[in-house]
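These notes concern the structure reproduced below.
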Amino acid sequence: MTAFKTLSVAMLKGFVRDKVTLFFTFLFPLMFLVIFGLLLRDAGADKTRIALVGDGPIVSALRDSGALEFESYNEVDAAVQKVKDGDLPAALIIRGQQVDVRFAQSDQVQSATVLGIINGFVDRANLAATGQPPTFTFAAEKVEDASLKPIQFLTPGILSWGVAVSAVFGSALTLVSWRRKQVLRRIRLAPISTASVLSSRILVSTGVALVQGATFIGIASLPVFGLQLSGQWWLAIPLLLLGTIAFFALGMLVGAFAKTEEAASAAANIVVLPMAFLSGTFFPVDQAPAWLQTVSKIFPLRHMNDGMLDVLVRGKGIEALVVPGAILVGFSLVVGFVASRVFKWEE
């Protein structure tokens, strides 16, 4: 127990003193969270803006609804020119009771949206002018769907990727460095069990993962980003721990083959970077081709991402941990076993 505590403290001090490791563990993935979070925080929030000439009850109703935004012009030619130049999708021209719309033919989707909105308000105004009761009734109600705001999607994915990077690089580079400096040889000759060495390193890695999780969620929850956690968000903690162990085992496998820190770093990048892009870290893979979605399910990071999304922001319970937890445990056992068979104490 004393040897385990001493090793854990020594490894933690070595981690804290290594500025490069601290950068790639915390600041590097946080940079992606901050950049993407700021760039995409208003995604989907912009209203369609069109040119406007004139005024009247139709315009007042449109303004009150908030369905469209207007850029007012005094001359029809100036408003139409903005459409011809491609700056605005349409121009609404009001002349008394005459309502004209000039729209850009190149963007049929946006033009159809504008025409549908204006036509609906014109029909409603015509019906109201007749004084007749409507034949059909219409009701609209908001429904919460499964779509996520960008920060809701980005935070779990980038956090999982950051944990994977930290665990893989930490174990691989540590193993290679200790072997090259013959630290492993001295540990082997010392009265310290291999289990104590591994468990102390895993303890440090899992502790770092928990600090990463608290840091990421704390920053993403700031008003500028607006992350909102679900009721059982704390279920992400076991996923963080299982993911750390799984990627620690992967780093041990990389470190077992690499002979230098440079080779270990390159090998870890080859493993982690493609996995990040194919596992839905930065963008959803649900709309990807079917074969690519199948390939992505091979990677443990895909299942960690899915589990973190489910419990952090989708409001799912402990049942959401079953599949990703089982896959992470299985991955840890298989890769850990292979790493133990090819492990080398000395070069």
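Here, A, B, ... name the chains of the structure tokens in the order displayed, residue numbers run from 1 inside each chain, and ligands are numbered from 1 in the same displayed order.
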Who sits within 12 Å of Gly330 in chain A, only C-alpha atoms, same chain under 6 positions skipped, as a tab-separated table (two decimals) with C-alpha atoms, in the first residue's frame:
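Wrote it out as result.tsv, contents follow:
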```tsv
chain	number	residue	atom	x	y	z
A	242	LEU	CA	-14.34	3.15	-18.16
A	243	GLY	CA	-13.24	5.19	-21.16
A	245	ILE	CA	-9.17	2.56	-18.67
A	246	ALA	CA	-10.00	1.48	-22.24
A	247	PHE	CA	-7.80	4.13	-23.84
A	249	ALA	CA	-4.94	-0.03	-22.42
A	300	PRO	CA	-14.68	2.49	-28.65
A	323	VAL	CA	-24.04	-1.02	-24.30
A	324	PRO	CA	-21.19	1.56	-24.19
A	336	GLY	CA	-5.02	-5.01	-22.19
A	337	PHE	CA	-4.40	-8.74	-22.63
```
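Using only C-alpha atoms, the residues found no farther than 12 Å from Val83 in chain A, other than those of its own chain fewer than 6 positions away, are Arg49, Ile50, Ala51, Leu52, Glu71, Val76, Asp77, Pro89, Ala90, Ala91, Leu92, Val101, Arg102, Phe103, Ala104, Gln105, Ser106, Asp107 and Ser111 of chain A.
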Residues as selected, N, CA and C atoms, written as a PDB file, in the first residue's frame, can you do that?
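The resulting file, selection.pdb, is shown below:
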```
ATOM      1  N   ARG A  49     -34.079  37.324 -43.798  1.00  0.00           N
ATOM      2  CA  ARG A  49     -34.167  38.781 -43.939  1.00  0.00           C
ATOM      3  C   ARG A  49     -34.497  39.116 -45.387  1.00  0.00           C
ATOM      4  N   ILE A  50     -35.504  39.945 -45.621  1.00  0.00           N
ATOM      5  CA  ILE A  50     -35.896  40.313 -46.976  1.00  0.00           C
ATOM      6  C   ILE A  50     -36.023  41.839 -47.066  1.00  0.00           C
ATOM      7  N   ALA A  51     -36.049  42.346 -48.311  1.00  0.00           N
ATOM      8  CA  ALA A  51     -36.231  43.782 -48.539  1.00  0.00           C
ATOM      9  C   ALA A  51     -37.713  44.135 -48.413  1.00  0.00           C
ATOM     10  N   LEU A  52     -37.994  45.371 -48.019  1.00  0.00           N
ATOM     11  CA  LEU A  52     -39.369  45.827 -47.824  1.00  0.00           C
ATOM     12  C   LEU A  52     -39.538  47.241 -48.378  1.00  0.00           C
ATOM     13  N   GLU A  71     -35.575  44.682 -44.263  1.00  0.00           N
ATOM     14  CA  GLU A  71     -34.611  45.748 -44.559  1.00  0.00           C
ATOM     15  C   GLU A  71     -35.348  46.749 -45.451  1.00  0.00           C
ATOM     16  N   VAL A  76     -38.591  50.920 -55.148  1.00  0.00           N
ATOM     17  CA  VAL A  76     -38.749  49.514 -55.551  1.00  0.00           C
ATOM     18  C   VAL A  76     -37.499  49.011 -56.258  1.00  0.00           C
ATOM     19  N   ASP A  77     -36.933  49.859 -57.120  1.00  0.00           N
ATOM     20  CA  ASP A  77     -35.754  49.422 -57.880  1.00  0.00           C
ATOM     21  C   ASP A  77     -34.591  49.062 -56.957  1.00  0.00           C
ATOM     22  N   PRO A  89     -32.944  37.259 -50.314  1.00  0.00           N
ATOM     23  CA  PRO A  89     -33.663  36.252 -51.093  1.00  0.00           C
ATOM     24  C   PRO A  89     -34.942  36.766 -51.749  1.00  0.00           C
ATOM     25  N   ALA A  90     -35.513  37.865 -51.227  1.00  0.00           N
ATOM     26  CA  ALA A  90     -36.781  38.353 -51.771  1.00  0.00           C
ATOM     27  C   ALA A  90     -37.001  39.801 -51.378  1.00  0.00           C
ATOM     28  N   ALA A  91     -37.947  40.427 -52.074  1.00  0.00           N
ATOM     29  CA  ALA A  91     -38.359  41.801 -51.763  1.00  0.00           C
ATOM     30  C   ALA A  91     -39.877  41.821 -51.679  1.00  0.00           C
ATOM     31  N   LEU A  92     -40.400  42.373 -50.597  1.00  0.00           N
ATOM     32  CA  LEU A  92     -41.844  42.516 -50.387  1.00  0.00           C
ATOM     33  C   LEU A  92     -42.225  43.962 -50.678  1.00  0.00           C
ATOM     34  N   VAL A 101     -44.293  40.213 -54.415  1.00  0.00           N
ATOM     35  CA  VAL A 101     -43.051  39.614 -53.923  1.00  0.00           C
ATOM     36  C   VAL A 101     -42.146  39.338 -55.119  1.00  0.00           C
ATOM     37  N   ARG A 102     -40.953  39.841 -55.074  1.00  0.00           N
ATOM     38  CA  ARG A 102     -39.923  39.539 -56.087  1.00  0.00           C
ATOM     39  C   ARG A 102     -38.877  38.656 -55.393  1.00  0.00           C
ATOM     40  N   PHE A 103     -38.681  37.471 -55.922  1.00  0.00           N
ATOM     41  CA  PHE A 103     -37.797  36.523 -55.231  1.00  0.00           C
ATOM     42  C   PHE A 103     -36.708  36.015 -56.158  1.00  0.00           C
ATOM     43  N   ALA A 104     -35.633  35.541 -55.547  1.00  0.00           N
ATOM     44  CA  ALA A 104     -34.482  35.029 -56.292  1.00  0.00           C
ATOM     45  C   ALA A 104     -34.762  33.594 -56.747  1.00  0.00           C
ATOM     46  N   GLN A 105     -34.635  33.361 -58.029  1.00  0.00           N
ATOM     47  CA  GLN A 105     -34.917  32.044 -58.579  1.00  0.00           C
ATOM     48  C   GLN A 105     -33.825  31.037 -58.234  1.00  0.00           C
ATOM     49  N   SER A 106     -32.620  31.524 -57.918  1.00  0.00           N
ATOM     50  CA  SER A 106     -31.486  30.613 -57.691  1.00  0.00           C
ATOM     51  C   SER A 106     -31.638  29.804 -56.410  1.00  0.00           C
ATOM     52  N   ASP A 107     -32.246  30.401 -55.374  1.00  0.00           N
ATOM     53  CA  ASP A 107     -32.413  29.705 -54.099  1.00  0.00           C
ATOM     54  C   ASP A 107     -33.886  29.357 -53.919  1.00  0.00           C
ATOM     55  N   SER A 111     -36.638  30.851 -51.121  1.00  0.00           N
ATOM     56  CA  SER A 111     -37.702  31.619 -51.763  1.00  0.00           C
ATOM     57  C   SER A 111     -39.064  31.011 -51.470  1.00  0.00           C
TER      58      SER A 111
END
```
TODO: Would you please extract all strand (DSSP E) residues from range 90-219 of chain A, as assigned by DSSP on the backbone, and give them as a PyMOL selection string?
DONE: chain A and resi 90-95+98-103
Task: Close residues, Pro238 in chain A itself excluded, 10 Å, only C-alpha atoms, min 4 positions apart in chain, as a list in words - done: Leu210, Trp234, Leu242, Gly243, Thr244, Leu321 and Gly325 of chain A
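Using only C-alpha atoms, the nearest neighbour of Leu239 in chain A within the list A:Ala172, A:Ala209, A:Val204, A:Leu253 is A:Ala209.
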Open item on the list: Could you list, as a VMD selection string, every residue within 7 Å of Gln232 in chain A, counting only C-alpha atoms and ignoring same-chain residues fewer than 5 positions away?
Closed with: chain A and resid 311 315 317
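Between CA of Val295 in chain A and CA of Ala167 in chain A there is a distance of 22.7 Å.
Considering the residues A:Val208, A:Gly213, A:Val338, A:Ile219 and counting only C-alpha atoms, Leu12 in chain A has its shortest atom-to-atom contact with A:Val208.
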Enumerate, in order of chain and increasing residue number, the residues of range 14-98 of chain A with an atom no farther than 10 Å from range 273-289 of chain A, each with its shortest atom pair and distance in Å to one decimal, counting only C-alpha atoms, as CSV.
```
residue,atom,partner,partner_atom,distance
A:Phe32,CA,A:Phe282,CA,9.0
A:Leu33,CA,A:Phe282,CA,9.5
A:Phe36,CA,A:Phe282,CA,8.7
```
Take the residues just selected and output them with C-alpha atoms as a PDB file, in the first residue's frame.
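The result, written out as again-v7.pdb:
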```pdb
ATOM      1  CA  PHE A  32     -11.763  23.069 -29.961  1.00  0.00           C
ATOM      2  CA  LEU A  33     -14.686  23.400 -27.541  1.00  0.00           C
ATOM      3  CA  PHE A  36     -16.584  25.511 -32.251  1.00  0.00           C
TER       4      PHE A  36
END
```
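With only C-alpha atoms as the atoms that count, the residue of A:Ser171, A:Thr260, A:Ser166, A:Gln81 with the shortest distance to Phe26 in chain A is A:Ser166.
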With only C-alpha atoms as the counted atoms, please give the residues lying no more than 12 Å from Phe248 in chain A, apart from itself and same-chain residues fewer than 6 positions off, as a PDB file with N, CA, C and O atoms, in the first residue's frame.
```pdb
ATOM      1  N   VAL A 163     -10.393  12.948 -23.202  1.00  0.00           N
ATOM      2  CA  VAL A 163     -10.040  11.856 -22.288  1.00  0.00           C
ATOM      3  C   VAL A 163      -9.245  10.786 -23.029  1.00  0.00           C
ATOM      4  O   VAL A 163      -8.257  10.250 -22.509  1.00  0.00           O
ATOM      5  N   ALA A 164      -9.664  10.480 -24.253  1.00  0.00           N
ATOM      6  CA  ALA A 164      -8.951   9.466 -25.039  1.00  0.00           C
ATOM      7  C   ALA A 164      -7.524   9.913 -25.340  1.00  0.00           C
ATOM      8  O   ALA A 164      -6.573   9.128 -25.206  1.00  0.00           O
ATOM      9  N   VAL A 165      -7.367  11.166 -25.753  1.00  0.00           N
ATOM     10  CA  VAL A 165      -6.028  11.693 -26.049  1.00  0.00           C
ATOM     11  C   VAL A 165      -5.144  11.632 -24.815  1.00  0.00           C
ATOM     12  O   VAL A 165      -3.994  11.181 -24.870  1.00  0.00           O
ATOM     13  N   SER A 166      -5.662  12.075 -23.685  1.00  0.00           N
ATOM     14  CA  SER A 166      -4.890  12.088 -22.447  1.00  0.00           C
ATOM     15  C   SER A 166      -4.468  10.684 -22.032  1.00  0.00           C
ATOM     16  O   SER A 166      -3.307  10.450 -21.672  1.00  0.00           O
ATOM     17  N   ALA A 167      -5.395   9.729 -22.094  1.00  0.00           N
ATOM     18  CA  ALA A 167      -5.097   8.368 -21.649  1.00  0.00           C
ATOM     19  C   ALA A 167      -4.125   7.669 -22.584  1.00  0.00           C
ATOM     20  O   ALA A 167      -3.170   7.012 -22.136  1.00  0.00           O
ATOM     21  N   VAL A 168      -4.353   7.783 -23.892  1.00  0.00           N
ATOM     22  CA  VAL A 168      -3.483   7.103 -24.862  1.00  0.00           C
ATOM     23  C   VAL A 168      -2.077   7.680 -24.825  1.00  0.00           C
ATOM     24  O   VAL A 168      -1.087   6.952 -24.703  1.00  0.00           O
ATOM     25  N   PHE A 169      -1.980   9.009 -24.938  1.00  0.00           N
ATOM     26  CA  PHE A 169      -0.660   9.632 -24.964  1.00  0.00           C
ATOM     27  C   PHE A 169       0.042   9.473 -23.614  1.00  0.00           C
ATOM     28  O   PHE A 169       1.257   9.238 -23.565  1.00  0.00           O
ATOM     29  N   GLY A 170      -0.705   9.602 -22.526  1.00  0.00           N
ATOM     30  CA  GLY A 170      -0.089   9.489 -21.207  1.00  0.00           C
ATOM     31  C   GLY A 170       0.533   8.134 -20.971  1.00  0.00           C
ATOM     32  O   GLY A 170       1.691   8.031 -20.543  1.00  0.00           O
ATOM     33  N   SER A 171      -0.200   7.062 -21.265  1.00  0.00           N
ATOM     34  CA  SER A 171       0.337   5.726 -21.009  1.00  0.00           C
ATOM     35  C   SER A 171       1.415   5.349 -22.016  1.00  0.00           C
ATOM     36  O   SER A 171       2.447   4.761 -21.651  1.00  0.00           O
ATOM     37  N   ALA A 172       1.224   5.695 -23.294  1.00  0.00           N
ATOM     38  CA  ALA A 172       2.208   5.320 -24.323  1.00  0.00           C
ATOM     39  C   ALA A 172       3.542   6.034 -24.106  1.00  0.00           C
ATOM     40  O   ALA A 172       4.605   5.399 -24.090  1.00  0.00           O
ATOM     41  N   LEU A 173       3.491   7.352 -23.929  1.00  0.00           N
ATOM     42  CA  LEU A 173       4.735   8.106 -23.772  1.00  0.00           C
ATOM     43  C   LEU A 173       5.431   7.778 -22.457  1.00  0.00           C
ATOM     44  O   LEU A 173       6.666   7.721 -22.398  1.00  0.00           O
ATOM     45  N   THR A 174       4.651   7.555 -21.401  1.00  0.00           N
ATOM     46  CA  THR A 174       5.253   7.188 -20.121  1.00  0.00           C
ATOM     47  C   THR A 174       5.974   5.853 -20.226  1.00  0.00           C
ATOM     48  O   THR A 174       7.106   5.691 -19.746  1.00  0.00           O
ATOM     49  N   LEU A 175       5.318   4.883 -20.855  1.00  0.00           N
ATOM     50  CA  LEU A 175       5.924   3.559 -20.997  1.00  0.00           C
ATOM     51  C   LEU A 175       7.213   3.613 -21.802  1.00  0.00           C
ATOM     52  O   LEU A 175       8.237   3.028 -21.405  1.00  0.00           O
ATOM     53  N   LEU A 198       0.875  -0.397 -12.425  1.00  0.00           N
ATOM     54  CA  LEU A 198      -0.224  -0.137 -13.345  1.00  0.00           C
ATOM     55  C   LEU A 198      -1.392   0.566 -12.642  1.00  0.00           C
ATOM     56  O   LEU A 198      -1.957   1.525 -13.169  1.00  0.00           O
ATOM     57  N   SER A 199      -1.749   0.086 -11.469  1.00  0.00           N
ATOM     58  CA  SER A 199      -2.896   0.672 -10.771  1.00  0.00           C
ATOM     59  C   SER A 199      -2.632   2.111 -10.353  1.00  0.00           C
ATOM     60  O   SER A 199      -3.541   2.955 -10.380  1.00  0.00           O
ATOM     61  N   ARG A 201      -0.719   4.226 -11.990  1.00  0.00           N
ATOM     62  CA  ARG A 201      -0.812   5.025 -13.209  1.00  0.00           C
ATOM     63  C   ARG A 201      -2.265   5.203 -13.638  1.00  0.00           C
ATOM     64  O   ARG A 201      -2.687   6.288 -14.067  1.00  0.00           O
ATOM     65  N   ILE A 202      -3.062   4.152 -13.520  1.00  0.00           N
ATOM     66  CA  ILE A 202      -4.480   4.232 -13.862  1.00  0.00           C
ATOM     67  C   ILE A 202      -5.198   5.194 -12.928  1.00  0.00           C
ATOM     68  O   ILE A 202      -6.082   5.959 -13.342  1.00  0.00           O
ATOM     69  N   LEU A 203      -4.829   5.186 -11.647  1.00  0.00           N
ATOM     70  CA  LEU A 203      -5.444   6.093 -10.680  1.00  0.00           C
ATOM     71  C   LEU A 203      -5.202   7.539 -11.081  1.00  0.00           C
ATOM     72  O   LEU A 203      -6.120   8.373 -11.036  1.00  0.00           O
ATOM     73  N   VAL A 204      -3.976   7.855 -11.482  1.00  0.00           N
ATOM     74  CA  VAL A 204      -3.664   9.218 -11.911  1.00  0.00           C
ATOM     75  C   VAL A 204      -4.461   9.577 -13.168  1.00  0.00           C
ATOM     76  O   VAL A 204      -5.030  10.665 -13.274  1.00  0.00           O
ATOM     77  N   SER A 205      -4.535   8.637 -14.129  1.00  0.00           N
ATOM     78  CA  SER A 205      -5.253   8.904 -15.379  1.00  0.00           C
ATOM     79  C   SER A 205      -6.743   9.127 -15.139  1.00  0.00           C
ATOM     80  O   SER A 205      -7.346  10.032 -15.728  1.00  0.00           O
ATOM     81  N   THR A 206      -7.348   8.321 -14.282  1.00  0.00           N
ATOM     82  CA  THR A 206      -8.778   8.491 -14.003  1.00  0.00           C
ATOM     83  C   THR A 206      -9.033   9.792 -13.235  1.00  0.00           C
ATOM     84  O   THR A 206     -10.043  10.463 -13.468  1.00  0.00           O
ATOM     85  N   ALA A 209      -8.992  12.478 -15.727  1.00  0.00           N
ATOM     86  CA  ALA A 209     -10.220  12.456 -16.530  1.00  0.00           C
ATOM     87  C   ALA A 209     -11.374  13.138 -15.799  1.00  0.00           C
ATOM     88  O   ALA A 209     -12.170  13.857 -16.413  1.00  0.00           O
ATOM     89  N   LEU A 240     -16.691   8.055 -17.974  1.00  0.00           N
ATOM     90  CA  LEU A 240     -15.359   8.666 -17.996  1.00  0.00           C
ATOM     91  C   LEU A 240     -14.310   7.698 -17.471  1.00  0.00           C
ATOM     92  O   LEU A 240     -13.215   7.570 -18.044  1.00  0.00           O
ATOM     93  N   LEU A 241     -14.621   7.003 -16.395  1.00  0.00           N
ATOM     94  CA  LEU A 241     -13.666   6.073 -15.800  1.00  0.00           C
ATOM     95  C   LEU A 241     -13.419   4.879 -16.723  1.00  0.00           C
ATOM     96  O   LEU A 241     -12.266   4.478 -16.947  1.00  0.00           O
ATOM     97  N   LEU A 242     -14.493   4.297 -17.255  1.00  0.00           N
ATOM     98  CA  LEU A 242     -14.339   3.148 -18.155  1.00  0.00           C
ATOM     99  C   LEU A 242     -13.610   3.542 -19.439  1.00  0.00           C
ATOM    100  O   LEU A 242     -12.773   2.789 -19.943  1.00  0.00           O
ATOM    101  N   VAL A 254       0.264   0.695 -27.726  1.00  0.00           N
ATOM    102  CA  VAL A 254       1.118   1.535 -28.579  1.00  0.00           C
ATOM    103  C   VAL A 254       2.516   1.630 -27.987  1.00  0.00           C
ATOM    104  O   VAL A 254       3.525   1.501 -28.707  1.00  0.00           O
ATOM    105  N   GLY A 255       2.609   1.845 -26.681  1.00  0.00           N
ATOM    106  CA  GLY A 255       3.909   1.974 -26.026  1.00  0.00           C
ATOM    107  C   GLY A 255       4.713   0.691 -26.026  1.00  0.00           C
ATOM    108  O   GLY A 255       5.943   0.726 -25.915  1.00  0.00           O
ATOM    109  N   ALA A 268       0.229   7.133 -31.722  1.00  0.00           N
ATOM    110  CA  ALA A 268      -0.975   7.506 -30.986  1.00  0.00           C
ATOM    111  C   ALA A 268      -1.859   8.435 -31.812  1.00  0.00           C
ATOM    112  O   ALA A 268      -3.090   8.305 -31.811  1.00  0.00           O
ATOM    113  N   LEU A 328     -16.751  -0.855 -23.718  1.00  0.00           N
ATOM    114  CA  LEU A 328     -15.513  -0.306 -23.163  1.00  0.00           C
ATOM    115  C   LEU A 328     -14.805  -1.323 -22.269  1.00  0.00           C
ATOM    116  O   LEU A 328     -13.577  -1.448 -22.304  1.00  0.00           O
ATOM    117  N   VAL A 329     -15.568  -2.062 -21.467  1.00  0.00           N
ATOM    118  CA  VAL A 329     -14.964  -3.097 -20.619  1.00  0.00           C
ATOM    119  C   VAL A 329     -14.357  -4.199 -21.482  1.00  0.00           C
ATOM    120  O   VAL A 329     -13.220  -4.638 -21.250  1.00  0.00           O
ATOM    121  N   PHE A 331     -13.350  -3.997 -24.584  1.00  0.00           N
ATOM    122  CA  PHE A 331     -12.188  -3.451 -25.283  1.00  0.00           C
ATOM    123  C   PHE A 331     -10.980  -3.401 -24.347  1.00  0.00           C
ATOM    124  O   PHE A 331      -9.858  -3.753 -24.745  1.00  0.00           O
ATOM    125  N   SER A 332     -11.205  -2.981 -23.113  1.00  0.00           N
ATOM    126  CA  SER A 332     -10.108  -2.901 -22.139  1.00  0.00           C
ATOM    127  C   SER A 332      -9.495  -4.272 -21.887  1.00  0.00           C
ATOM    128  O   SER A 332      -8.267  -4.418 -21.834  1.00  0.00           O
ATOM    129  N   LEU A 333     -10.340  -5.279 -21.742  1.00  0.00           N
ATOM    130  CA  LEU A 333      -9.843  -6.629 -21.452  1.00  0.00           C
ATOM    131  C   LEU A 333      -9.053  -7.195 -22.624  1.00  0.00           C
ATOM    132  O   LEU A 333      -7.960  -7.750 -22.441  1.00  0.00           O
ATOM    133  N   VAL A 335      -7.667  -5.582 -25.382  1.00  0.00           N
ATOM    134  CA  VAL A 335      -6.458  -4.810 -25.710  1.00  0.00           C
ATOM    135  C   VAL A 335      -5.451  -4.899 -24.569  1.00  0.00           C
ATOM    136  O   VAL A 335      -4.239  -4.991 -24.803  1.00  0.00           O
ATOM    137  N   GLY A 336      -5.932  -4.874 -23.326  1.00  0.00           N
ATOM    138  CA  GLY A 336      -5.023  -5.015 -22.191  1.00  0.00           C
ATOM    139  C   GLY A 336      -4.305  -6.355 -22.193  1.00  0.00           C
ATOM    140  O   GLY A 336      -3.111  -6.431 -21.867  1.00  0.00           O
ATOM    141  N   ALA A 339      -1.673  -6.215 -24.918  1.00  0.00           N
ATOM    142  CA  ALA A 339      -0.567  -5.358 -24.490  1.00  0.00           C
ATOM    143  C   ALA A 339       0.313  -6.076 -23.475  1.00  0.00           C
ATOM    144  O   ALA A 339       1.549  -5.936 -23.501  1.00  0.00           O
TER     145      ALA A 339
END
```
Task: Best match for closeness to Ala258 in chain A among A:Asn126, A:Asn74, A:Ser340, A:Ser177, counting only C-alpha atoms - done: A:Ser177
Open item on the list: Would you pick out the contacts of range 221-224 of chain A at 10 Å or less, using only C-alpha atoms, so that residues sharing its chain but fewer than 2 positions from it are not included, and give the list as a PyMOL selection string?
Closed with: chain A and resi 34+37-38+41+151-152+155+215-219+226-229
- [ ] Determine which residues of range 225-326 of chain A DSSP labels as helix (DSSP H, G or I) from the backbone of this structure, then write them out as a PyMOL selection string.
- [x] chain A and resi 233-257+261-278+290-296+300-312+318-326
